[in-house]
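File shown: model.txt. Contents: compact mmCIF, C-alpha atoms.
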# COMPACT_ATOMS: atom_id res chain seq x y z
CA MET A 1331 0.74 29.56 -38.71
CA ASP A 1332 1.75 33.23 -38.74
CA THR A 1333 1.73 33.30 -34.92
CA GLY A 1334 3.89 30.20 -34.68
CA ARG A 1335 1.24 28.37 -32.68
CA LEU A 1336 0.49 25.57 -35.17
CA PRO A 1337 2.36 22.93 -33.10
CA LEU A 1338 0.49 24.04 -29.97
CA PHE A 1339 -2.81 23.85 -31.85
CA CYS A 1340 -2.01 20.33 -33.07
CA PHE A 1341 -1.16 19.33 -29.49
CA PHE A 1342 -4.47 20.84 -28.31
CA VAL A 1343 -6.58 18.99 -30.89
CA ALA A 1344 -4.76 15.69 -30.32
CA LEU A 1345 -5.16 16.03 -26.54
CA ILE A 1346 -8.93 16.54 -26.74
CA ALA A 1347 -9.54 13.94 -29.48
CA THR A 1348 -7.49 11.27 -27.70
CA PHE A 1349 -9.16 11.91 -24.35
CA VAL A 1350 -12.64 11.62 -25.88
CA PHE A 1351 -11.70 8.49 -27.85
CA THR A 1352 -10.11 6.89 -24.78
CA ARG A 1353 -13.12 7.57 -22.58
CA ILE A 1354 -15.50 6.14 -25.19
CA ASN A 1355 -13.27 3.08 -25.47
CA VAL A 1356 -13.04 2.38 -21.71
CA ARG A 1357 -16.78 2.90 -21.27
CA LEU A 1358 -17.44 0.30 -23.97
CA ILE A 1359 -14.96 -2.03 -22.28
CA ARG A 1360 -16.69 -1.52 -18.94
CA ALA A 1361 -20.09 -2.24 -20.52
CA LYS A 1362 -18.62 -5.29 -22.31
CA ILE A 1363 -19.94 -4.13 -25.67
CA GLY A 1364 -18.64 -5.68 -28.89
CA TRP A 1365 -14.96 -6.55 -29.28
CA PHE A 1366 -13.68 -3.84 -26.94
CA ARG A 1367 -11.43 -5.43 -24.31
CA ASN A 1368 -8.51 -4.53 -22.07
CA VAL A 1369 -5.00 -4.94 -23.49
CA SER A 1370 -3.40 -7.82 -21.61
CA VAL A 1371 -0.26 -9.92 -21.85
CA GLY A 1372 -1.07 -13.18 -20.14
CA GLU A 1373 -2.64 -12.19 -16.84
CA MET A 1374 -1.02 -8.74 -16.83
CA HIS A 1375 -3.27 -5.80 -17.73
CA ILE A 1376 -1.40 -3.15 -19.73
CA HIS A 1377 -2.80 0.25 -18.73
CA HIS A 1378 -2.99 2.89 -21.45
CA VAL A 1379 -0.70 5.14 -19.41
CA VAL A 1380 2.12 2.83 -20.61
CA PHE A 1381 1.38 3.68 -24.25
CA GLY A 1382 1.06 7.32 -23.21
CA VAL A 1383 4.56 7.40 -21.72
CA VAL A 1384 6.03 5.85 -24.89
CA LEU A 1385 4.22 8.31 -27.19
CA THR A 1386 5.10 11.28 -24.98
CA MET A 1387 8.78 10.37 -25.14
CA LEU A 1388 8.58 9.72 -28.89
CA GLY A 1389 6.77 13.00 -29.62
CA GLY A 1390 8.91 15.07 -27.24
CA VAL A 1391 12.29 13.82 -28.42
CA SER A 1392 11.27 13.90 -32.08
CA GLY A 1393 10.05 17.47 -31.63
CA LEU A 1394 13.46 18.50 -30.29
CA VAL A 1395 15.08 17.01 -33.39
CA VAL A 1396 12.78 18.43 -36.09
CA SER A 1397 11.75 21.77 -34.55
CA SER A 1398 14.33 23.66 -36.62
CA VAL A 1399 13.75 21.61 -39.78
CA SER A 1400 10.08 22.08 -40.63
CA GLN A 1401 7.07 23.54 -38.89
CA GLY A 1402 4.91 20.80 -40.43
CA TRP A 1403 7.02 18.01 -38.95
CA TYR A 1404 7.20 19.91 -35.67
CA ALA A 1405 3.38 20.11 -35.63
CA LEU A 1406 3.17 16.37 -36.29
CA THR A 1407 5.44 15.57 -33.34
CA ALA A 1408 3.41 17.95 -31.18
CA ALA A 1409 0.28 15.97 -32.10
CA VAL A 1410 2.01 12.72 -31.12
CA PHE A 1411 3.01 14.37 -27.84
CA GLY A 1412 -0.64 15.42 -27.32
CA VAL A 1413 -1.84 11.83 -27.84
CA GLY A 1414 0.66 10.59 -25.29
CA ALA A 1415 -0.16 13.35 -22.81
CA ALA A 1416 -3.89 12.53 -23.00
CA LEU A 1417 -3.24 8.85 -22.30
CA VAL A 1418 -1.01 9.70 -19.34
CA LEU A 1419 -3.33 12.32 -17.83
CA ASP A 1420 -6.35 10.03 -18.26
CA GLU A 1421 -4.70 7.76 -15.69
CA PHE A 1422 -3.24 10.55 -13.56
CA ALA A 1423 -5.13 9.22 -10.52
CA LEU A 1424 -3.45 5.83 -10.94
CA ILE A 1425 -0.03 7.52 -10.87
CA LEU A 1426 -1.02 9.70 -7.91
CA HIS A 1427 -2.43 6.87 -5.77
CA LEU A 1428 -0.20 4.08 -7.15
CA HIS A 1429 -3.36 2.02 -7.36
CA ASP A 1430 -6.07 1.46 -9.97
CA VAL A 1431 -8.83 3.88 -8.93
CA TYR A 1432 -10.08 4.59 -12.47
CA TRP A 1433 -13.79 4.18 -11.74
CA GLU A 1434 -13.60 5.07 -8.05
CA GLU A 1435 -14.25 8.52 -6.60
CA GLU A 1436 -10.52 9.28 -6.62
CA GLY A 1437 -10.53 8.62 -10.36
CA ARG A 1438 -12.15 12.01 -10.94
CA THR A 1439 -8.67 13.48 -10.35
CA SER A 1440 -7.70 12.22 -13.80
CA VAL A 1441 -10.59 14.09 -15.42
CA ASP A 1442 -9.67 17.24 -13.50
CA ALA A 1443 -6.08 16.92 -14.73
CA VAL A 1444 -7.20 16.61 -18.37
CA PHE A 1445 -9.60 19.56 -18.07
CA ILE A 1446 -6.87 21.72 -16.52
CA ALA A 1447 -4.44 20.77 -19.31
CA ILE A 1448 -7.05 21.65 -21.95
CA ALA A 1449 -7.84 24.99 -20.27
CA ILE A 1450 -4.18 26.00 -19.97
CA THR A 1451 -3.45 25.06 -23.58
CA ALA A 1452 -6.48 27.04 -24.75
CA LEU A 1453 -5.28 30.12 -22.86
CA LEU A 1454 -1.83 29.76 -24.43
CA LEU A 1455 -3.43 29.49 -27.87
CA LEU A 1456 -5.24 32.77 -27.19
CA GLY A 1457 -1.84 34.40 -26.72
CA LEU A 1458 -2.00 34.82 -22.94
CA ARG A 1459 1.28 34.45 -21.09
CA PRO A 1460 1.67 32.86 -17.65
CA LEU A 1461 2.21 35.17 -14.66
CA GLY A 1462 1.75 38.22 -16.88
CA TRP A 1463 5.22 37.71 -18.34
CA GLU A 1464 6.38 40.36 -20.78
CA SER A 1465 9.78 40.87 -22.34
CA PRO A 1466 11.66 43.62 -20.44
CA ASP A 1467 12.67 46.72 -22.35
CA GLY A 1468 16.37 45.96 -21.87
CA THR A 1469 17.02 48.52 -19.14
CA ALA A 1470 17.92 47.50 -15.60
CA GLN A 1471 14.75 49.11 -14.32
CA GLY A 1472 12.64 47.26 -16.87
CA VAL A 1473 14.18 43.93 -15.89
CA TRP A 1474 13.50 44.60 -12.19
CA VAL A 1475 9.89 45.63 -12.87
CA ALA A 1476 9.20 42.55 -15.01
CA THR A 1477 10.87 40.22 -12.50
CA SER A 1478 9.03 41.74 -9.54
CA PHE A 1479 5.70 41.45 -11.34
CA ILE A 1480 6.29 37.77 -12.06
CA VAL A 1481 7.42 37.01 -8.49
CA VAL A 1482 4.38 38.75 -6.97
CA ASN A 1483 2.02 36.88 -9.29
CA LEU A 1484 3.76 33.60 -8.52
CA VAL A 1485 3.39 34.14 -4.76
CA LEU A 1486 -0.30 35.01 -5.16
CA ALA A 1487 -0.81 31.89 -7.32
CA VAL A 1488 0.86 29.63 -4.73
CA VAL A 1489 -1.26 31.09 -1.91
CA THR A 1490 -4.43 30.69 -3.99
CA LEU A 1491 -3.62 27.06 -4.75
CA LEU A 1492 -2.76 26.33 -1.10
CA LYS A 1493 -6.16 27.73 -0.17
CA GLY A 1494 -7.73 25.00 -2.30
CA LYS A 1495 -8.87 27.21 -5.19
CA ILE A 1496 -7.41 25.14 -7.99
CA TRP A 1497 -9.25 26.60 -10.97
CA THR A 1498 -8.83 30.18 -9.74
CA GLY A 1499 -5.11 29.57 -9.26
CA MET A 1500 -4.57 27.92 -12.65
CA VAL A 1501 -6.56 30.47 -14.66
CA GLY A 1502 -5.06 33.23 -12.53
CA LEU A 1503 -1.63 32.30 -13.84
CA PHE A 1504 -2.80 33.81 -17.13
CA VAL A 1505 -5.24 36.40 -15.75
CA PRO A 1506 -3.34 37.72 -12.70
CA LEU A 1507 -6.22 39.92 -11.47
CA LEU A 1508 -8.05 36.74 -10.42
CA LEU A 1509 -5.21 35.91 -8.02
CA ILE A 1510 -5.85 38.91 -5.78
CA PRO A 1511 -9.29 37.82 -4.48
CA GLY A 1512 -8.17 34.20 -4.65
CA ALA A 1513 -5.26 34.86 -2.29
CA LEU A 1514 -7.11 37.25 0.03
CA ARG A 1515 -10.40 35.45 0.51
CA LEU A 1516 -11.03 32.68 3.01
CA ALA A 1517 -9.46 29.28 2.30
CA ARG A 1518 -11.55 26.20 1.56
CA PRO A 1519 -11.99 24.02 4.68
CA GLY A 1520 -10.14 21.01 3.30
CA SER A 1521 -7.19 22.96 1.92
CA PRO A 1522 -3.60 22.86 3.23
CA TRP A 1523 -3.90 26.55 4.21
CA ALA A 1524 -6.94 25.86 6.41
CA HIS A 1525 -5.22 22.84 7.94
CA TRP A 1526 -2.10 24.82 8.77
CA PHE A 1527 -3.59 28.07 10.04
CA PHE A 1528 -7.09 27.74 11.48
CA ALA A 1529 -8.24 24.13 11.65
CA PRO A 1530 -8.52 22.35 15.03
CA GLY A 1531 -5.10 21.00 15.92
CA SER A 1532 -3.17 23.78 14.19
CA ARG A 1533 -0.90 26.13 16.13
CA HIS A 1534 -3.48 28.91 16.12
CA PRO A 1535 -6.90 27.29 15.68
CA GLN A 1536 -9.59 29.73 14.62
CA PRO A 1537 -12.95 27.95 14.87
CA ARG A 1538 -14.87 31.00 13.59
CA LYS A 1539 -12.94 31.03 10.32
CA MET A 1540 -13.31 27.27 9.94
CA THR A 1541 -17.07 27.56 10.54
CA ARG A 1542 -17.33 30.36 7.95
CA ALA A 1543 -15.29 28.33 5.47
CA GLN A 1544 -17.50 25.26 5.94
CA ARG A 1545 -20.65 27.34 5.61
CA ARG A 1546 -19.38 28.92 2.36
CA GLU A 1547 -18.36 25.51 1.06
CA GLU A 1548 -21.81 24.08 1.70
CA ARG A 1549 -23.73 27.07 0.37
CA TRP A 1550 -21.71 28.10 -2.66
CA ARG A 1551 -19.14 25.48 -3.59
CA ARG A 1552 -21.15 22.26 -3.25
CA PRO A 1553 -23.76 23.16 -5.91
CA VAL A 1554 -20.99 24.16 -8.33
CA ILE A 1555 -19.07 20.96 -7.60
CA ARG A 1556 -22.18 18.86 -8.23
CA VAL A 1557 -22.64 20.52 -11.62
CA LYS A 1558 -18.96 19.99 -12.43
CA ILE A 1559 -19.12 16.31 -11.47
CA ALA A 1560 -22.29 15.82 -13.52
CA PHE A 1561 -20.58 17.34 -16.59
CA GLN A 1562 -17.41 15.32 -16.02
CA GLU A 1563 -19.34 12.07 -15.76
CA PHE A 1564 -21.39 12.95 -18.84
CA VAL A 1565 -18.10 13.19 -20.75
CA SER A 1566 -16.04 10.50 -19.06
CA GLY A 1567 -18.46 8.03 -17.46
CA ARG A 1568 -19.66 7.62 -13.89
CA HIS A 1569 -17.12 7.04 -11.15
CA ASP A 1570 -19.44 5.04 -8.93
CA LEU A 1571 -17.28 2.34 -7.35
CA PRO A 1572 -16.61 2.66 -3.61
CA SER A 1573 -13.20 3.96 -2.63
CA THR A 1574 -11.09 0.89 -1.96
CA ARG A 1575 -7.58 -0.41 -2.35
CA LEU A 1576 -8.81 -3.82 -3.46
CA GLY A 1577 -10.33 -5.18 -6.65
CA PRO A 1578 -9.78 -4.67 -10.38
CA ARG A 1579 -10.90 -1.65 -12.35
CA ARG A 1580 -13.41 -3.21 -14.71

Structure encoded using structure tokens:
Amino acid sequence: MDTGRLPLFCFFVALIATFVFTRINVRLIRAKIGWFRNVSVGEMHIHHVVFGVVLTMLGGVSGLVVSSVSQGWYALTAAVFGVGAALVLDEFALILHLHDVYWEEEGRTSVDAVFIAIAITALLLLGLRPLGWESPDGTAQGVWVATSFIVVNLVLAVVTLLKGKIWTGMVGLFVPLLLIPGALRLARPGSPWAHWFFAPGSRHPQPRKMTRAQRREERWRRPVIRVKIAFQEFVSGRHDLPSTRLGPRR
């Protein structure tokens, strides 16, 4: 409470608890265990992202109203916002693809989105600031130094993300030293950077770089990705349906 991070902590706890509860609930629905069923009105299935949007709006607007009244009430609204955010992010893939891909391979995007949100919130709770931001000392030189530092870190973060290194880019926003190797090292073969600059069909195709990128992906990234997927599916359930635009979720 002394650091003023109680609302952020309540958001963090609500985000994790709601995500875990939601995943347990949908796994029980999928297994048709007990009284757990989808929420439907007639033949229309109401996805939990709908409840998430309502709670996010309720928590966000209420937080704006009570933030100057009481830290306790502000923390409560932050928790409501966290519940809503978890419900929305748990169906992030549905929003991204505009199709129900919850248990398909594309549905793992939702789990990635939740994990990234949890990681960023945890870093903020630790007191880290994005892009190495620090308050300038009030002098013109101090303002220019602080601004330049933020701009450089932002450019490095964008390059890192375009090279397909999502986790390095996101964590690097708070630990800028990670952005230097992330931006300088070879891009992942499926990334926008690789597609634009050295993939076949680009303006300046560089087959050697593409071959090196594919070899690195197969040797180093694939084992890590398999471990990540195994952990995700241990937490959230197996996404084992074939990728398709047809058919219901459960």

Problem set entry | Who sits within 8 Å of Leu1516 in chain A, all atoms listed in the file, same chain under 4 positions skipped, as a VMD selection string | chain A and resid 1493 1539 1543

Could you please take those selected residues and save C-alpha atoms as a PDB file, keeping the file's coordinate frame?
ATOM      1  CA  LYS A1493      -6.160  27.730  -0.170  1.00  0.00           C
ATOM      2  CA  LYS A1539     -12.940  31.030  10.320  1.00  0.00           C
ATOM      3  CA  ALA A1543     -15.290  28.330   5.470  1.00  0.00           C
TER       4      ALA A1543
END

For this session: In Å, rounded to a single decimal, give me how far CA of Val1418 in chain A is from CA of Val1391 in chain A.
Result: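 Answer for the CA of Val1391 in chain A to CA of Val1418 in chain A separation: 16.6 Å.
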
Exercise. Near Val1444 in chain A, counting all atoms listed in the file, which residues have an atom at most 8 Å away, once you skip same-chain residues fewer than 6 positions from it, shown as a PyMOL selection string?
Worked result: chain A and resi 1349+1416+1419-1420

Centre and edge lengths of an axis-aligned box around all listed atoms of range 1493-1501 of chain A, with 6 Å added on each side, are to be given in Å to one decimal, as AutoDock Vina command-line options.
--center_x -6.9 --center_y 27.7 --center_z -7.4 --size_x 16.7 --size_y 17.5 --size_z 26.5

For this session: Give me, please, the distance in Å between CA of Val1482 in chain A and CA of Leu1453 in chain A, quoted to one decimal.
Result: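 Result for CA of Val1482 in chain A versus CA of Leu1453 in chain A: 20.5 Å, one decimal.
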
For this session: Write out as a list in words which residues come within 8 Å of Cys1340 in chain A when counting all atoms listed in the file, dropping same-chain ones fewer than 2 positions away.
Result: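 Here the answer would be Leu1336, Pro1337, Leu1338, Phe1342, Val1343, Ala1344, Ala1405, Leu1406, Ala1408, Ala1409 and Gly1412 of chain A.
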
Exercise. Distance CA of Arg1357 in chain A-CA of Gln1562 in chain A, one decimal place?
Worked result: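 Value for the CA of Arg1357 in chain A-CA of Gln1562 in chain A distance: 13.5 Å.
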
Identify the residues around (1.1, 37.6, -15.7) within a radius of 10 Å, measuring from all atoms listed in the file in the coordinates stated by the file, and give them as a PDB file with C-alpha atoms, keeping the file's coordinate frame.
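Printed below is out_11.pdb as written:
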ATOM      1  CA  LEU A1458      -2.000  34.820 -22.940  1.00  0.00           C
ATOM      2  CA  ARG A1459       1.280  34.450 -21.090  1.00  0.00           C
ATOM      3  CA  PRO A1460       1.670  32.860 -17.650  1.00  0.00           C
ATOM      4  CA  LEU A1461       2.210  35.170 -14.660  1.00  0.00           C
ATOM      5  CA  GLY A1462       1.750  38.220 -16.880  1.00  0.00           C
ATOM      6  CA  TRP A1463       5.220  37.710 -18.340  1.00  0.00           C
ATOM      7  CA  GLU A1464       6.380  40.360 -20.780  1.00  0.00           C
ATOM      8  CA  ALA A1476       9.200  42.550 -15.010  1.00  0.00           C
ATOM      9  CA  PHE A1479       5.700  41.450 -11.340  1.00  0.00           C
ATOM     10  CA  ILE A1480       6.290  37.770 -12.060  1.00  0.00           C
ATOM     11  CA  VAL A1481       7.420  37.010  -8.490  1.00  0.00           C
ATOM     12  CA  VAL A1482       4.380  38.750  -6.970  1.00  0.00           C
ATOM     13  CA  ASN A1483       2.020  36.880  -9.290  1.00  0.00           C
ATOM     14  CA  LEU A1484       3.760  33.600  -8.520  1.00  0.00           C
ATOM     15  CA  GLY A1502      -5.060  33.230 -12.530  1.00  0.00           C
ATOM     16  CA  LEU A1503      -1.630  32.300 -13.840  1.00  0.00           C
ATOM     17  CA  PHE A1504      -2.800  33.810 -17.130  1.00  0.00           C
ATOM     18  CA  VAL A1505      -5.240  36.400 -15.750  1.00  0.00           C
ATOM     19  CA  PRO A1506      -3.340  37.720 -12.700  1.00  0.00           C
ATOM     20  CA  LEU A1507      -6.220  39.920 -11.470  1.00  0.00           C
TER      21      LEU A1507
END

Problem set entry | Ile1559 in chain A surroundings by all atoms listed in the file, 12 Å radius, close-in-sequence under 6 positions cut, as a list in words |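 Selected residues are Glu1435, Gly1437, Arg1438, Thr1439, Val1441, Asp1442, Arg1552, Pro1553, Val1565, Ser1566, Gly1567, Arg1568, His1569 and Asp1570 of chain A.
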
Exercise. Skipping near chain neighbours, those fewer than 2 positions away, what residues fall within 10 Å of Arg1335 in chain A using only C-alpha atoms, listed as a PyMOL selection string?
Worked result: chain A and resi 1331-1333+1337-1341+1401+1405+1454-1457

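Each of A:Leu1417, A:Ala1560, A:Phe1366, A:Gly1389 was checked against Tyr1404 in chain A using all atoms listed in the file; the smallest atom-to-atom distance is that of A:Gly1389.
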
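You can rank A:Ala1443, A:Ala1361, A:Val1473, A:Leu1424 by their closest distance to Ile1496 in chain A using all atoms listed in the file, and at the top of that list sits A:Ala1443.
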
Seminar exercise, completed: Closest of A:Val1410, A:Met1374, A:Ile1448, A:Leu1358 to Gly1390 in chain A, counting all atoms listed in the file, is A:Val1410

Exercise. Which polymer residues, protein or nucleic acid, are no farther than 7 Å from (-2.3, 26.4, -17.5), counting all atoms listed in the file, as a list of chain:residue names?
Worked result: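 Collected hits near the coordinates: A:Ile1446, A:Ala1447, A:Ala1449, A:Ile1450, A:Thr1451, A:Met1500, A:Val1501, A:Leu1503.
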